[in-house]
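The file start00.tsv comes next; it holds TSV, C-alpha atoms (C1' of nucleotides).
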chain	number	residue	atom	x	y	z
O	1	MET	CA	43.30	-13.79	-2.19
O	2	ALA	CA	40.45	-12.32	-4.18
O	3	ALA	CA	37.83	-10.75	-1.94
O	4	ALA	CA	35.45	-13.47	-0.89
O	5	PRO	CA	31.91	-13.07	-2.20
O	6	LEU	CA	29.27	-12.30	0.35
O	7	THR	CA	26.21	-14.34	1.25
O	8	ILE	CA	22.86	-12.65	1.41
O	9	GLY	CA	23.00	-12.80	5.19
O	10	GLN	CA	26.31	-11.02	5.24
O	11	VAL	CA	25.12	-8.32	2.92
O	12	ALA	CA	22.00	-7.98	5.03
O	13	GLN	CA	24.01	-7.54	8.17
O	14	ARG	CA	26.53	-5.13	6.71
O	15	SER	CA	23.96	-2.99	4.97
O	16	GLY	CA	21.19	-3.16	7.50
O	17	VAL	CA	18.79	-4.30	4.80
O	18	ALA	CA	16.74	-7.46	5.35
O	19	PRO	CA	17.44	-10.47	3.12
O	20	SER	CA	13.86	-10.34	1.92
O	21	ALA	CA	14.42	-6.77	0.80
O	22	LEU	CA	17.63	-7.72	-1.00
O	23	ARG	CA	15.76	-10.42	-2.90
O	24	PHE	CA	13.08	-7.90	-3.64
O	25	TYR	CA	15.63	-5.42	-5.00
O	26	GLU	CA	17.10	-8.13	-7.19
O	27	ASN	CA	13.66	-8.93	-8.47
O	28	GLU	CA	13.18	-5.28	-9.32
O	29	GLY	CA	16.51	-5.22	-11.10
O	30	LEU	CA	18.27	-2.87	-8.69
O	31	ILE	CA	21.00	-5.27	-7.72
O	32	HIS	CA	22.45	-8.49	-9.05
O	33	ALA	CA	24.12	-11.61	-7.67
O	34	GLN	CA	26.06	-14.62	-8.83
O	35	ARG	CA	24.78	-18.04	-7.85
O	36	THR	CA	26.55	-21.01	-6.27
O	37	ASP	CA	26.12	-24.49	-7.68
O	38	GLY	CA	23.41	-24.87	-5.10
O	39	ASN	CA	21.61	-21.76	-6.36
O	40	GLN	CA	22.45	-19.57	-3.42
O	41	ARG	CA	23.26	-15.91	-4.02
O	42	ARG	CA	26.84	-14.72	-3.78
O	43	TYR	CA	27.42	-10.99	-3.90
O	44	GLU	CA	30.42	-9.02	-5.01
O	45	ARG	CA	31.47	-6.44	-2.48
O	46	SER	CA	30.46	-3.64	-4.81
O	47	VAL	CA	26.86	-4.53	-4.11
O	48	LEU	CA	27.29	-2.90	-0.72
O	49	ARG	CA	27.89	0.40	-2.40
O	50	ARG	CA	24.88	-0.08	-4.59
O	51	VAL	CA	22.72	-0.91	-1.63
O	52	ALA	CA	24.04	2.13	0.16
O	53	VAL	CA	23.02	4.25	-2.79
O	54	ILE	CA	19.58	2.68	-2.62
O	55	GLN	CA	19.42	3.52	1.07
O	56	ALA	CA	20.42	7.08	0.39
O	57	GLY	CA	17.75	7.39	-2.26
O	58	ARG	CA	15.13	5.90	0.04
O	59	ALA	CA	16.15	8.30	2.76
O	60	ALA	CA	15.70	11.09	0.27
O	61	GLY	CA	12.25	9.79	-0.50
O	62	ILE	CA	13.03	8.78	-4.07
O	63	PRO	CA	10.75	5.98	-5.28
O	64	LEU	CA	12.50	2.67	-5.82
O	65	ALA	CA	11.71	2.70	-9.51
O	66	ALA	CA	13.48	6.02	-9.92
O	67	ILE	CA	16.43	4.79	-7.88
O	68	GLY	CA	16.54	1.80	-10.16
O	69	ALA	CA	16.52	4.01	-13.23
O	70	ALA	CA	19.40	6.01	-11.81
O	71	LEU	CA	21.34	2.88	-10.90
O	72	ALA	CA	20.78	1.51	-14.37
O	73	LEU	CA	22.97	4.31	-15.70
O	74	LEU	CA	25.79	3.27	-13.40
O	75	PRO	CA	28.42	0.63	-14.10
O	76	ALA	CA	27.03	-2.74	-13.06
O	77	GLY	CA	29.96	-4.65	-11.60
O	78	LYS	CA	31.97	-1.70	-10.38
O	79	PRO	CA	31.39	1.02	-7.83
O	80	PRO	CA	30.15	4.28	-9.33
O	81	SER	CA	32.69	6.96	-10.11
O	82	LYS	CA	32.81	10.15	-8.13
O	83	ARG	CA	31.23	11.91	-11.06
O	84	ASP	CA	28.41	9.39	-11.18
O	85	TRP	CA	27.65	9.87	-7.56
O	86	GLU	CA	27.85	13.61	-7.84
O	87	ARG	CA	25.25	13.64	-10.55
O	88	LEU	CA	22.97	11.39	-8.55
O	89	SER	CA	23.29	13.15	-5.27
O	90	ARG	CA	22.78	16.53	-6.88
O	91	ALA	CA	19.55	15.39	-8.49
O	92	TRP	CA	18.29	13.81	-5.31
O	93	ARG	CA	19.27	16.82	-3.32
O	94	SER	CA	17.13	19.11	-5.39
O	95	ASP	CA	14.31	16.63	-5.10
O	96	VAL	CA	14.64	16.70	-1.34
O	97	GLU	CA	14.72	20.47	-1.44
O	98	ALA	CA	11.45	20.54	-3.30
O	99	ARG	CA	9.90	18.31	-0.69
O	100	ILE	CA	11.24	20.52	2.06
O	101	ALA	CA	9.82	23.60	0.39
O	102	LEU	CA	6.43	21.95	0.21
O	103	LEU	CA	6.49	21.03	3.88
O	104	GLU	CA	7.66	24.49	4.82
O	105	ARG	CA	4.67	25.93	3.09
O	106	VAL	CA	2.38	23.61	4.96
O	107	ARG	CA	4.13	24.49	8.18
O	108	ASP	CA	3.75	28.19	7.53
O	109	ASP	CA	0.12	27.78	6.62
O	110	LEU	CA	-0.52	25.86	9.80
O	111	GLY	CA	1.30	28.60	11.68
O	112	SER	CA	-0.66	31.40	10.11
O	113	CYS	CA	-3.86	29.56	10.84
O	114	ILE	CA	-3.12	29.62	14.52
O	115	GLY	CA	-3.71	33.32	14.55
O	116	CYS	CA	-5.94	33.84	11.57
O	117	GLY	CA	-9.35	33.45	13.08
O	118	CYS	CA	-9.64	30.71	10.58
O	119	LEU	CA	-13.03	29.72	11.76
O	120	SER	CA	-14.57	32.19	9.41
O	121	LEU	CA	-13.06	30.28	6.52
O	122	GLN	CA	-12.59	33.64	4.91
O	123	SER	CA	-9.10	34.37	3.76
O	124	CYS	CA	-7.20	31.40	5.04
O	125	ARG	CA	-4.52	29.91	2.85
O	126	LEU	CA	-4.81	26.50	4.40
O	127	PHE	CA	-8.55	26.21	4.05
O	128	ASN	CA	-8.82	27.82	0.70
O	129	PRO	CA	-12.18	29.33	0.05
O	130	VAL	CA	-13.50	26.81	-2.41
O	131	ASP	CA	-16.47	26.54	-0.11
O	132	ARG	CA	-17.50	30.11	-0.76
O	133	ALA	CA	-16.50	30.47	-4.37
O	134	ALA	CA	-17.18	26.97	-5.60
O	135	LYS	CA	-15.68	27.80	-8.94
O	136	ALA	CA	-15.17	25.25	-11.62
O	137	GLY	CA	-12.86	22.44	-10.61
O	138	PRO	CA	-12.05	20.88	-7.28
O	139	GLY	CA	-10.16	22.95	-4.78
O	140	ALA	CA	-7.96	22.44	-1.77
O	141	ARG	CA	-5.84	20.16	-3.87
O	142	PHE	CA	-3.17	22.81	-4.10
O	143	LEU	CA	-1.93	21.84	-0.70
O	144	LEU	CA	-0.96	18.36	-1.61
O	145	GLY	CA	1.00	18.90	-4.80
O	146	ASP	CA	2.32	15.84	-6.54
O	147	THR	CA	5.64	14.72	-5.17
O	148	PRO	CA	8.23	15.90	-7.64
O	149	VAL	CA	10.19	12.92	-8.76
O	150	GLN	CA	12.83	12.47	-11.35
O	151	GLY	CA	12.06	9.61	-13.73
E	1	MET	CA	-34.66	28.98	5.99
E	2	ALA	CA	-32.34	26.58	7.74
E	3	ALA	CA	-29.20	25.89	5.73
E	4	ALA	CA	-29.99	23.09	3.33
E	5	PRO	CA	-28.11	19.87	3.91
E	6	LEU	CA	-25.56	18.93	1.31
E	7	THR	CA	-25.52	15.84	-0.86
E	8	ILE	CA	-22.35	13.84	-1.11
E	9	GLY	CA	-21.78	15.23	-4.57
E	10	GLN	CA	-22.01	18.77	-3.32
E	11	VAL	CA	-19.60	18.13	-0.48
E	12	ALA	CA	-17.28	16.46	-2.93
E	13	GLN	CA	-17.32	19.42	-5.25
E	14	ARG	CA	-16.94	22.02	-2.57
E	15	SER	CA	-14.17	20.22	-0.74
E	16	GLY	CA	-12.35	18.74	-3.69
E	17	VAL	CA	-12.58	15.30	-2.12
E	18	ALA	CA	-14.03	12.44	-4.16
E	19	PRO	CA	-17.34	10.94	-3.04
E	20	SER	CA	-15.64	7.60	-2.62
E	21	ALA	CA	-13.19	9.21	-0.25
E	22	LEU	CA	-15.99	10.80	1.74
E	23	ARG	CA	-17.65	7.41	2.11
E	24	PHE	CA	-14.31	6.03	3.12
E	25	TYR	CA	-13.88	8.74	5.76
E	26	GLU	CA	-17.32	7.97	7.11
E	27	ASN	CA	-16.45	4.32	7.27
E	28	GLU	CA	-13.34	5.21	9.21
E	29	GLY	CA	-15.38	7.35	11.57
E	30	LEU	CA	-13.85	10.69	10.59
E	31	ILE	CA	-17.08	12.26	9.42
E	32	HIS	CA	-20.76	11.57	9.80
E	33	ALA	CA	-23.93	12.10	7.79
E	34	GLN	CA	-27.69	11.98	8.22
E	35	ARG	CA	-29.68	9.83	5.85
E	36	THR	CA	-32.74	10.57	3.76
E	37	ASP	CA	-35.69	8.23	3.72
E	38	GLY	CA	-34.08	6.72	0.67
E	39	ASN	CA	-30.82	6.10	2.52
E	40	GLN	CA	-28.84	8.81	0.82
E	41	ARG	CA	-26.34	10.84	2.80
E	42	ARG	CA	-27.15	14.41	3.74
E	43	TYR	CA	-24.38	16.45	5.29
E	44	GLU	CA	-24.52	19.39	7.60
E	45	ARG	CA	-22.42	22.29	6.41
E	46	SER	CA	-20.05	21.82	9.31
E	47	VAL	CA	-18.76	18.72	7.60
E	48	LEU	CA	-16.97	21.00	5.17
E	49	ARG	CA	-14.88	22.30	8.01
E	50	ARG	CA	-14.17	18.83	9.22
E	51	VAL	CA	-13.13	17.75	5.77
E	52	ALA	CA	-10.92	20.82	5.51
E	53	VAL	CA	-9.23	19.80	8.73
E	54	ILE	CA	-8.70	16.36	7.29
E	55	GLN	CA	-7.18	17.93	4.20
E	56	ALA	CA	-4.88	20.02	6.32
E	57	GLY	CA	-3.77	16.98	8.26
E	58	ARG	CA	-3.17	15.04	5.09
E	59	ALA	CA	-1.13	17.90	3.72
E	60	ALA	CA	0.90	17.81	6.88
E	61	GLY	CA	1.49	14.12	6.37
E	62	ILE	CA	-0.50	13.03	9.40
E	63	PRO	CA	-1.91	9.50	9.02
E	64	LEU	CA	-5.68	9.34	8.67
E	65	ALA	CA	-6.00	7.36	11.86
E	66	ALA	CA	-4.26	10.09	13.82
E	67	ILE	CA	-6.38	12.75	12.17
E	68	GLY	CA	-9.38	10.72	13.19
E	69	ALA	CA	-8.15	10.55	16.75
E	70	ALA	CA	-7.72	14.29	16.79
E	71	LEU	CA	-11.13	14.88	15.26
E	72	ALA	CA	-12.68	12.57	17.81
E	73	LEU	CA	-11.76	15.10	20.49
E	74	LEU	CA	-13.61	17.84	18.64
E	75	PRO	CA	-17.31	18.62	18.89
E	76	ALA	CA	-19.18	16.40	16.45
E	77	GLY	CA	-22.00	18.51	15.06
E	78	LYS	CA	-20.36	21.89	15.40
E	79	PRO	CA	-17.28	23.51	13.92
E	80	PRO	CA	-14.23	23.36	16.19
E	81	SER	CA	-13.50	26.33	18.38
E	82	LYS	CA	-10.50	28.52	17.74
E	83	ARG	CA	-8.84	26.92	20.71
E	84	ASP	CA	-9.47	23.44	19.34
E	85	TRP	CA	-7.94	24.32	16.04
E	86	GLU	CA	-5.00	26.01	17.68
E	87	ARG	CA	-4.19	22.89	19.62
E	88	LEU	CA	-4.44	20.75	16.52
E	89	SER	CA	-2.48	22.97	14.23
E	90	ARG	CA	0.26	23.41	16.79
E	91	ALA	CA	0.67	19.68	17.17
E	92	TRP	CA	0.67	19.10	13.46
E	93	ARG	CA	3.05	21.94	12.91
E	94	SER	CA	5.64	20.42	15.17
E	95	ASP	CA	5.15	17.13	13.43
E	96	VAL	CA	5.79	18.81	10.10
E	97	GLU	CA	8.83	20.50	11.57
E	98	ALA	CA	10.26	17.19	12.64
E	99	ARG	CA	9.80	15.88	9.13
E	100	ILE	CA	11.45	18.95	7.72
E	101	ALA	CA	14.41	18.55	10.06
E	102	LEU	CA	14.83	14.98	8.92
E	103	LEU	CA	14.80	15.95	5.27
E	104	GLU	CA	17.20	18.78	5.92
E	105	ARG	CA	19.63	16.36	7.39
E	106	VAL	CA	19.33	14.11	4.38
E	107	ARG	CA	19.78	17.10	2.13
E	108	ASP	CA	22.91	18.18	3.97
E	109	ASP	CA	24.29	14.69	3.91
E	110	LEU	CA	23.71	14.48	0.20
E	111	GLY	CA	25.39	17.84	-0.14
E	112	SER	CA	28.40	16.89	1.87
E	113	CYS	CA	28.71	13.70	-0.10
E	114	ILE	CA	29.10	15.64	-3.30
E	115	GLY	CA	32.47	16.78	-2.12
E	116	CYS	CA	33.48	14.08	0.28
E	117	GLY	CA	35.23	11.61	-1.94
E	118	CYS	CA	32.59	9.33	-0.68
E	119	LEU	CA	33.73	6.51	-2.82
E	120	SER	CA	36.11	5.46	-0.13
E	121	LEU	CA	33.18	4.80	2.16
E	122	GLN	CA	35.41	6.06	4.92
E	123	SER	CA	33.98	8.87	6.95
E	124	CYS	CA	30.81	9.64	5.11
E	125	ARG	CA	27.74	10.45	7.13
E	126	LEU	CA	25.39	9.27	4.45
E	127	PHE	CA	27.03	5.93	3.92
E	128	ASN	CA	27.78	5.24	7.51
E	129	PRO	CA	30.68	2.89	7.99
E	130	VAL	CA	28.80	-0.22	8.98
E	131	ASP	CA	30.57	-1.91	6.13
E	132	ARG	CA	33.93	-1.46	7.77
E	133	ALA	CA	33.00	-1.76	11.38
E	134	ALA	CA	30.19	-4.28	11.16
E	135	LYS	CA	29.47	-3.81	14.81
E	136	ALA	CA	26.53	-5.37	16.49
E	137	GLY	CA	23.24	-4.35	14.97
E	138	PRO	CA	22.21	-3.23	11.55
E	139	GLY	CA	23.44	0.13	10.35
E	140	ALA	CA	22.44	2.80	7.89
E	141	ARG	CA	19.07	2.83	9.54
E	142	PHE	CA	19.85	6.10	11.21
E	143	LEU	CA	19.00	7.88	8.02
E	144	LEU	CA	15.43	6.78	7.88
E	145	GLY	CA	14.21	7.47	11.39
E	146	ASP	CA	10.64	6.57	12.14
E	147	THR	CA	8.23	9.28	11.19
E	148	PRO	CA	7.19	10.97	14.40
E	149	VAL	CA	3.43	10.86	14.63
E	150	GLN	CA	1.08	11.86	17.34
E	151	GLY	CA	-1.37	9.19	18.31
V	1	DC	C1'	27.84	-38.47	8.57
V	2	DT	C1'	24.76	-35.79	10.90
V	3	DA	C1'	22.82	-31.69	12.69
V	4	DC	C1'	21.38	-27.38	12.11
V	5	DA	C1'	21.48	-22.86	10.43
V	6	DA	C1'	21.12	-20.47	6.30
V	7	DT	C1'	19.26	-20.21	2.00
V	8	DC	C1'	16.03	-21.16	-1.89
V	9	DT	C1'	11.25	-20.28	-4.46
V	10	DC	C1'	6.71	-19.00	-4.69
V	11	DA	C1'	2.57	-17.30	-3.20
V	12	DA	C1'	0.15	-14.87	0.06
V	13	DC	C1'	-0.22	-11.20	3.12
V	14	DC	C1'	0.54	-6.39	5.09
V	15	DT	C1'	-0.42	-1.03	5.53
V	16	DC	C1'	-2.35	3.21	3.65
V	17	DA	C1'	-5.61	5.70	1.43
V	18	DC	C1'	-8.35	5.23	-1.51
V	19	DT	C1'	-10.63	3.80	-6.36
V	20	DT	C1'	-13.26	0.80	-9.27
V	21	DG	C1'	-16.90	-2.22	-10.61
V	22	DA	C1'	-21.22	-4.56	-10.27
V	23	DA	C1'	-25.79	-4.46	-9.36
V	24	DG	C1'	-29.31	-2.07	-7.71
V	25	DT	C1'	-32.08	2.37	-5.75
V	26	DC	C1'	-33.35	7.33	-5.47
V	27	DA	C1'	-34.58	12.00	-6.95
V	28	DA	C1'	-35.83	15.44	-10.12
V	29	DG	C1'	-37.06	17.29	-14.81
V	30	DG	C1'	-40.12	16.94	-18.62
X	1	DC	C1'	-44.71	8.02	-15.90
X	2	DC	C1'	-40.22	7.76	-17.59
X	3	DT	C1'	-35.66	8.74	-18.11
X	4	DT	C1'	-31.35	10.14	-16.45
X	5	DG	C1'	-28.00	11.08	-13.40
X	6	DA	C1'	-26.74	10.85	-8.71
X	7	DC	C1'	-26.68	7.82	-5.19
X	8	DT	C1'	-26.39	3.10	-2.45
X	9	DT	C1'	-23.61	-1.21	-0.78
X	10	DC	C1'	-20.12	-4.48	-0.89
X	11	DA	C1'	-16.17	-6.73	-2.65
X	12	DA	C1'	-12.13	-6.41	-4.87
X	13	DG	C1'	-8.21	-3.88	-6.92
X	14	DT	C1'	-4.24	-0.46	-6.82
X	15	DG	C1'	0.66	0.59	-5.79
X	16	DA	C1'	4.64	1.08	-2.99
X	17	DG	C1'	7.71	-1.47	-0.56
X	18	DG	C1'	8.26	-4.83	1.28
X	19	DT	C1'	7.34	-9.24	5.10
X	20	DT	C1'	5.79	-13.89	6.23
X	21	DG	C1'	5.16	-18.71	5.75
X	22	DA	C1'	5.55	-23.28	3.74
X	23	DG	C1'	8.25	-26.60	2.19
X	24	DA	C1'	12.48	-27.92	0.03
X	25	DT	C1'	17.56	-27.58	-0.42
X	26	DT	C1'	22.38	-26.13	0.71
X	27	DG	C1'	26.44	-25.25	3.36
X	28	DT	C1'	29.17	-26.00	7.27
X	29	DA	C1'	30.72	-27.25	11.98
X	30	DG	C1'	31.54	-31.01	14.79

Structure rendered as structure tokens:
Amino acid sequence: MAAAPLTIGQVAQRSGVAPSALRFYENEGLIHAQRTDGNQRRYERSVLRRVAVIQAGRAAGIPLAAIGAALALLPAGKPPSKRDWERLSRAWRSDVEARIALLERVRDDLGSCIGCGCLSLQSCRLFNPVDRAAKAGPGARFLLGDTPVQG
Amino acid sequence: MAAAPLTIGQVAQRSGVAPSALRFYENEGLIHAQRTDGNQRRYERSVLRRVAVIQAGRAAGIPLAAIGAALALLPAGKPPSKRDWERLSRAWRSDVEARIALLERVRDDLGSCIGCGCLSLQSCRLFNPVDRAAKAGPGARFLLGDTPVQG
DNA sequence: CTACAATCTCAACCTCACTTGAAGTCAAGG
DNA sequence: CCTTGACTTCAAGTGAGGTTGAGATTGTAG
């Protein structure tokens, strides 16, 4: 008995991802499905793994497009090898670490502002003194920093 | 010589926020401006502080609406007191900390997955075993966790 | 065979935080 | 006065990551 293919509802239930999202992922090329004679989607079980990888990436804050790019390097019909997953999770991990570092900086700056007598807008790291110096170029941007993301 | 009011362009340059964004903030009720006879905006200098607070909140990942709610509790025409800012920055700090904790968990889960032989989908914390158990309710959601945000 | 739930497609809508464009007005230098 | 650049409003667009709804079709249990 070959493993029965899964309907979209079954995949939705098992993965916790809404059917609409699964269709969306397919549209974006992240997953793939066979079709019945009546045009309904039938999924191989390996799609569950793929969806789980997508979930992990989303949890890590990786944009869907980048997740898709990563998945594109993985075998289509088969679950990824341990090595594949190692590569992926390592990359995502360092991405998450960068995001954590950014937030930690913001946290520390907020913390230091509590005691810094910030109202003078003098030497505060959070409110950088672009107001006083007004040098060339816009300031205060340094806080936001573009989200580092692997293509 | 009373401090000259600032044009929108000047506020934009000094704060690093685009004029369109400043108009947007005004529309959303986060900042306010006087008008000239010719209907142009003229800002008091205290708006720079307010905008800086908005920037700080944005950096901390606080939604604009929540920043607006917080600002609404602050004196309108005057810079916030030290106490005001302490209250705000403390609240935002703990919000940031919650976000950091979430990311740290994801990071650790990604890390543990590197070595966990995850491909068996057996006991992995990242890929939680909803696939095997398929209990009531959707799974894998636990990773995402709603962003805690103060109203 | 008949219900009825599940699925299909396609287009429209949603939130967030803005940006862009069109068409017109204001302010300041020469 | 005239030009030029900064400013005005309002509507619409952007992009991410989907959801919602309409209307039609399929799959399955009884």

Neighbours of chain V in chain E at 8 Å, counting all atoms listed in the file, as an mmCIF file with C-alpha atoms, in the coordinates of the input:
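part_28.cif was written with the following content:
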data_model
loop_
_atom_site.group_PDB
_atom_site.id
_atom_site.type_symbol
_atom_site.label_atom_id
_atom_site.label_comp_id
_atom_site.auth_asym_id
_atom_site.auth_seq_id
_atom_site.Cartn_x
_atom_site.Cartn_y
_atom_site.Cartn_z
ATOM 1 C CA SER E 20 -15.640 7.600 -2.620
ATOM 2 C CA ALA E 21 -13.190 9.210 -0.250
ATOM 3 C CA PHE E 24 -14.310 6.030 3.120
ATOM 4 C CA GLY E 38 -34.080 6.720 0.670
ATOM 5 C CA GLN E 40 -28.840 8.810 0.820
#

TODO: Find the residues near segment 69-75 of chain O: any atom within 8 Å, counting only C-alpha atoms (C1' of nucleotides), skip ones fewer than 6 places away on the same chain, and give them as a list in words.
DONE: Leu30, Arg50, Asp84, Leu88 and Gly151 of chain O

For Gly61 of chain O, the closest of E:Gln13, E:Ser112, E:Leu22, E:Arg99 counting all atoms listed in the file is E:Arg99

Q.
Residues of chain E within 10 Å of chain X, counting all atoms listed in the file, what are they? List them as a PyMOL selection string.
A. chain E and resi 7-9+38-41

Got time to write the residues from that selection, C-alpha atoms, as a short mmCIF file (atom, residue, chain, number, x, y, z; two decimals), in the coordinates of the input?
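Heads up, here's the output in out.cif:
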data_model
loop_
_atom_site.label_atom_id
_atom_site.label_comp_id
_atom_site.auth_asym_id
_atom_site.auth_seq_id
_atom_site.Cartn_x
_atom_site.Cartn_y
_atom_site.Cartn_z
CA THR E 7 -25.52 15.84 -0.86
CA ILE E 8 -22.35 13.84 -1.11
CA GLY E 9 -21.78 15.23 -4.57
CA GLY E 38 -34.08 6.72 0.67
CA ASN E 39 -30.82 6.10 2.52
CA GLN E 40 -28.84 8.81 0.82
CA ARG E 41 -26.34 10.84 2.80
#

inquiry  = Using Å and a single decimal, report how far atom CA of Ala56 of chain O sits from atom CA of Asp95 of chain E.
reply    =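 A separation of 22.5 Å between them.
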
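Nearest to chain E of all the residues O:Asp37, O:Glu26, O:Glu86, O:Glu44 is O:Glu86, based on all atoms listed in the file.
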
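In this comparison, which uses all atoms listed in the file, the residue of E:Ala66, E:Val51, E:Ala98, E:Leu110 approaching chain O most closely is E:Leu110.
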
| query | What separation in Å, quoted to one decimal, exists between atom CA of Val96 of chain E and atom CA of Ala101 of chain O? | reply |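 Taking atom CA of Val96 of chain E as the start and atom CA of Ala101 of chain O as the end point, the length is 11.6 Å.
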
> For chain E, which of O:Ala65, O:Arg49, O:Gly16, O:Gln34 is the closest residue, counting all atoms listed in the file?
Replying inline: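 Checking each of O:Ala65, O:Arg49, O:Gly16, O:Gln34 against chain E, counting all atoms listed in the file, the winner is O:Gly16.
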
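For the pair atom CA of Ala18 of chain O and atom CA of Arg105 of chain E, the interatomic distance is 24.1 Å.
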
*Nearest to chain O among E:Gly68, E:Pro5, E:Pro63, E:Pro80, with distances taken over all atoms listed in the file: which residue is it?*
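Between E:Gly68, E:Pro5, E:Pro63, E:Pro80, the residue approaching chain O most closely is E:Pro80.
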
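Distances from E:Leu64, E:Ala3, E:Gly29, E:Ile54 to chain O were compared using all atoms listed in the file, and the smallest one belongs to E:Ile54.
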